[in-house]
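Chemist: A single structure is presented below for examination.
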Amino acid sequence: MTMTNTLTYKPVNLGRWIVWGLFALILIVAPMIFNSGASLSILSQIGTVMIFGLSYNMLLGQGGMLSFGHAVYSGLGAFFAIHAMNMAAGGQIWMPVTLIPLVGGLAGMFFGILFGYVTTKKSGTTFAMITLGIVELVFACSLMFPGFFGGEGGISTNRVYGEKFLGVTFGPQIQVYYLIAAWLFISTIGMFAFTQTPLGRIINAVRDNPERVEFIGYDTQWARYLTLILSGFFAGISGGLSAINFEIVTAENVSALRSGGVLLFTFIGGVGFFFGPMIGAIIGVFLTVMLSDFTKAWQLYLGVFFILIVMYAPGGIASIIMMNLRVAKYGKYKQIWPQVVAVCITGAVAALGLVALIEMMYHLTLESVNGTETKLFGFIVDTAKPTGWLVAGALLAAGGAAFWLAKKSFQRVWGEVNSEIEHLIRRAEA
């Protein structure tokens, strides 16, 4: 009997290496371009929210598990991380700042094991309601046990402790950013690798057809449970990084408000795509942090934007990007670009009028005691006079009407182009 050894060669996935290389390059170069203190702080927040959103997408996007309590794992991870920092600063334990996110991750995993065993017993709406109950329970406990949670004031720390290593103290924000960027890169690779594992494939099948998965012999509850545990681990890493970045953790970190925020950001980015939550994190931080510095109506804009995404792009921003890339790939973009430009311009005009009306209304109702004049798009507008209202209304009406006409033309051309692409795909398969 002879045995023959065969050597197989698997080609390198060059495209994947290029994507990951570009991702690493962007993380390295970003603070060199946006180098102000405020910009570095925002970049650091985006990094932590990206990890949080990707961990949540393991449940919602890959497993079809709508959770209203994901902040429990990131928040409790943040609390354990900040206690570890205080203990390390006091000399009680050895724990460098670079490993603090791992403490948060292990805490998130532990509570994923604890709470996940209960929540994953059910699926669908029942699972969502149980997670909502869990987050309310933990939030209530955060106020009942001030010894651990710090009460309403929370727990604070100082991230600068221990001996310097190569001059790194994590005092300057730029050093904190690169720590977050490193953990973001590692975590993103880990969560992407999960999608390629047998468990990652099975949880996709559980999302799409749980009955068939059970029929072929897999335990759907066990698959959901393991996925939630891993998701809790990465959420805890996000919480640990947040504790380092802000140097304070409060009850808000384990609130339903934080859970709702990551749900919105992930859905806006696109739950059907791995990189969707990363896009959602950028938009979410922009709307909640940057925009809130310029207007009191930022929550209104966030709500309107979310409604528009749900109505017209349920696949999120990522789906819009991928659909346009497909059209460009097949060389069909020259057929639709005039309609795309028309829709964008008319939509921008209508949005300009709507924003002007909202800002004037907010100023008139909330800040009129300081005077009826406000600065809007570089112009001084008196909200007590009809001129500003008429101009804003005219922009909204004209832009809205033109957008409606442009949208009809765009939908017709878009449908024709995608029909041609589908025909080309079927012919290539045949």
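Letters A, B, ... mark the chains of the structure tokens in the order given; residue numbers begin at 1 per chain; ligand numbers begin at 1, in order shown.
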Would you list the contacts of segment 82-92 of chain A as a PDB file with N, CA and C atoms, in the first residue's frame, taking every protein, DNA or RNA residue within 6 Å and counting only C-alpha atoms, but skipping same-chain residues closer than 3 positions in sequence?
Modeler:
```pdb
ATOM      1  N   PHE A  79     -16.479  49.565  33.774  1.00  0.00           N
ATOM      2  CA  PHE A  79     -16.375  49.669  35.225  1.00  0.00           C
ATOM      3  C   PHE A  79     -15.245  48.792  35.760  1.00  0.00           C
ATOM      4  N   MET A  95      -0.853  45.946  36.260  1.00  0.00           N
ATOM      5  CA  MET A  95      -1.675  45.973  35.053  1.00  0.00           C
ATOM      6  C   MET A  95      -1.342  47.224  34.249  1.00  0.00           C
ATOM      7  N   TYR A 161      -0.084  56.373  35.070  1.00  0.00           N
ATOM      8  CA  TYR A 161       0.480  55.743  36.267  1.00  0.00           C
ATOM      9  C   TYR A 161       1.572  54.772  35.843  1.00  0.00           C
ATOM     10  N   ALA A 243     -13.010  53.857  29.023  1.00  0.00           N
ATOM     11  CA  ALA A 243     -12.575  54.246  30.371  1.00  0.00           C
ATOM     12  C   ALA A 243     -11.213  54.925  30.325  1.00  0.00           C
TER      13      ALA A 243
END
```
Chemist: For segment 286-291 of chain A, please output as a ChimeraX atom specification all residues within 12 Å (counting only C-alpha atoms; exclusion window: fewer than 5 positions along the same chain).
Modeler: /A:38-39,41-43,45-46,49,258,261-262,264-265,268,279-281,296-306
Chemist: Between A:Leu364, A:Val249, A:Ile358, A:Arg426, which is the closest to Leu396 of chain A once you count only C-alpha atoms?
Modeler: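 So, comparing all the options, the nearest one is A:Ile358.
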Chemist: Can you tell me which residues surround Ile202 of chain A at a distance of at most 12 Å, considering only C-alpha atoms, apart from same-chain residues fewer than 3 positions away, and format the answer as a VMD selection string?
Modeler: chain A and resid 62 to 64 194 to 199 205 to 210 212 to 214 216 to 224 226 to 227
Chemist: Could you write out, as a PyMOL selection string, all the residues of segment 96-198 of chain A that DSSP marks as helix (DSSP H, G or I)?
Modeler: chain A and resi 97-119+124-144+146-149+151-153+173-195+198
Chemist: For a quick check of understanding, using only C-alpha atoms, which of A:Ser231, A:Thr383, A:Asn57, A:Thr295 has the smallest distance to Gly116 of chain A?
Modeler: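 Once distances to Gly116 of chain A are computed over only C-alpha atoms, the minimum belongs to A:Ser231.
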Chemist: Between A:Val417, A:Val97, A:Ala193, A:Leu132, which has the minimum distance to Val160 of chain A (counting only C-alpha atoms)?
Modeler: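 Of A:Val417, A:Val97, A:Ala193, A:Leu132, the one nearest Val160 of chain A is A:Val97, counting only C-alpha atoms.
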Chemist: Quick one: everything within 9 Å of Ala398 of chain A, counting only C-alpha atoms, minus sequence neighbours fewer than 6 positions away in the same chain. Send it as a list in words.
Modeler: Thr346, Val349 and Ala350 of chain A
Chemist: Would you kindly return, as a list in words, each protein, DNA or RNA residue with an atom no farther than 10 Å from any atom of Ile317 of chain A, considering only C-alpha atoms and excluding same-chain residues fewer than 5 positions away?
Modeler: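 So, after excluding close chain neighbours, the residues are Phe267, Ile268, Gly269, Gly270, Val271, Phe273, Gly276, Pro277, Ile279, Gly280, Ile283, Ile309 and Met322 of chain A.
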Chemist: Write a file of the selected residues as a PDB file, in the first residue's frame, keeping N, CA and C atoms.
Modeler:
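What landed in selection-v3.pdb:
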```
ATOM      1  N   PHE A 267     -27.404  50.445  12.507  1.00  0.00           N
ATOM      2  CA  PHE A 267     -28.419  50.374  11.450  1.00  0.00           C
ATOM      3  C   PHE A 267     -28.157  51.419  10.375  1.00  0.00           C
ATOM      4  N   ILE A 268     -27.752  52.620  10.769  1.00  0.00           N
ATOM      5  CA  ILE A 268     -27.440  53.669   9.797  1.00  0.00           C
ATOM      6  C   ILE A 268     -26.278  53.235   8.909  1.00  0.00           C
ATOM      7  N   GLY A 269     -25.257  52.632   9.516  1.00  0.00           N
ATOM      8  CA  GLY A 269     -24.114  52.191   8.723  1.00  0.00           C
ATOM      9  C   GLY A 269     -24.449  51.031   7.810  1.00  0.00           C
ATOM     10  N   GLY A 270     -25.257  50.093   8.295  1.00  0.00           N
ATOM     11  CA  GLY A 270     -25.645  48.944   7.480  1.00  0.00           C
ATOM     12  C   GLY A 270     -25.349  47.631   8.180  1.00  0.00           C
ATOM     13  N   VAL A 271     -26.394  46.969   8.672  1.00  0.00           N
ATOM     14  CA  VAL A 271     -26.217  45.732   9.423  1.00  0.00           C
ATOM     15  C   VAL A 271     -25.872  44.552   8.514  1.00  0.00           C
ATOM     16  N   PHE A 273     -23.615  44.418   6.259  1.00  0.00           N
ATOM     17  CA  PHE A 273     -22.233  44.483   5.802  1.00  0.00           C
ATOM     18  C   PHE A 273     -21.306  44.558   6.999  1.00  0.00           C
ATOM     19  N   GLY A 276     -20.269  48.071   7.780  1.00  0.00           N
ATOM     20  CA  GLY A 276     -21.359  49.005   8.007  1.00  0.00           C
ATOM     21  C   GLY A 276     -21.288  49.726   9.342  1.00  0.00           C
ATOM     22  N   PRO A 277     -21.093  49.022  10.472  1.00  0.00           N
ATOM     23  CA  PRO A 277     -21.018  49.722  11.764  1.00  0.00           C
ATOM     24  C   PRO A 277     -19.881  50.718  11.852  1.00  0.00           C
ATOM     25  N   ILE A 279     -18.886  52.695   9.376  1.00  0.00           N
ATOM     26  CA  ILE A 279     -19.442  53.904   8.762  1.00  0.00           C
ATOM     27  C   ILE A 279     -20.440  54.550   9.713  1.00  0.00           C
ATOM     28  N   GLY A 280     -21.281  53.729  10.343  1.00  0.00           N
ATOM     29  CA  GLY A 280     -22.257  54.248  11.296  1.00  0.00           C
ATOM     30  C   GLY A 280     -21.607  54.936  12.476  1.00  0.00           C
ATOM     31  N   ILE A 283     -20.559  58.491  11.332  1.00  0.00           N
ATOM     32  CA  ILE A 283     -21.725  59.366  11.219  1.00  0.00           C
ATOM     33  C   ILE A 283     -22.335  59.636  12.592  1.00  0.00           C
ATOM     34  N   ILE A 309     -33.113  56.793   6.385  1.00  0.00           N
ATOM     35  CA  ILE A 309     -32.363  55.569   6.087  1.00  0.00           C
ATOM     36  C   ILE A 309     -33.281  54.356   6.114  1.00  0.00           C
ATOM     37  N   MET A 322     -22.214  50.102  -1.868  1.00  0.00           N
ATOM     38  CA  MET A 322     -21.998  48.869  -2.632  1.00  0.00           C
ATOM     39  C   MET A 322     -22.812  48.854  -3.923  1.00  0.00           C
TER      40      MET A 322
END
```
Chemist: Could you check how far atom CA of Phe110 of chain A sits from atom CA of Gly239 of chain A, in Å to one decimal?
Modeler: 13.9 Å
Chemist: Would you list the contacts of Thr131 of chain A as a PDB file with C-alpha atoms, in the first residue's frame, taking every protein, DNA or RNA residue within 6 Å and counting only C-alpha atoms, but skipping same-chain residues closer than 3 positions in sequence?
Modeler:
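What landed in selection24.pdb:
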```
ATOM      1  CA  SER A  67     -30.682  43.491  21.435  1.00  0.00           C
ATOM      2  CA  PHE A  68     -31.691  46.548  23.440  1.00  0.00           C
ATOM      3  CA  GLY A  69     -29.149  45.867  26.180  1.00  0.00           C
ATOM      4  CA  ALA A 128     -35.228  41.778  22.517  1.00  0.00           C
ATOM      5  CA  ILE A 134     -31.503  43.164  31.628  1.00  0.00           C
TER       6      ILE A 134
END
```
Chemist: So which residues touch Leu102 of chain A within 8 Å, counting only C-alpha atoms, skipping near sequence neighbours fewer than 6 positions away, as a ChimeraX atom specification?
Modeler: /A:236-237,240
Chemist: Mind pulling up the distance from atom CA of Phe233 of chain A to atom CA of Ile113 of chain A?
Modeler: 9.9 Å
Chemist: Rounded to one decimal in Å, what is the spacing between atom CA of Ala318 of chain A and atom CA of Val176 of chain A?
Modeler: 28.5 Å
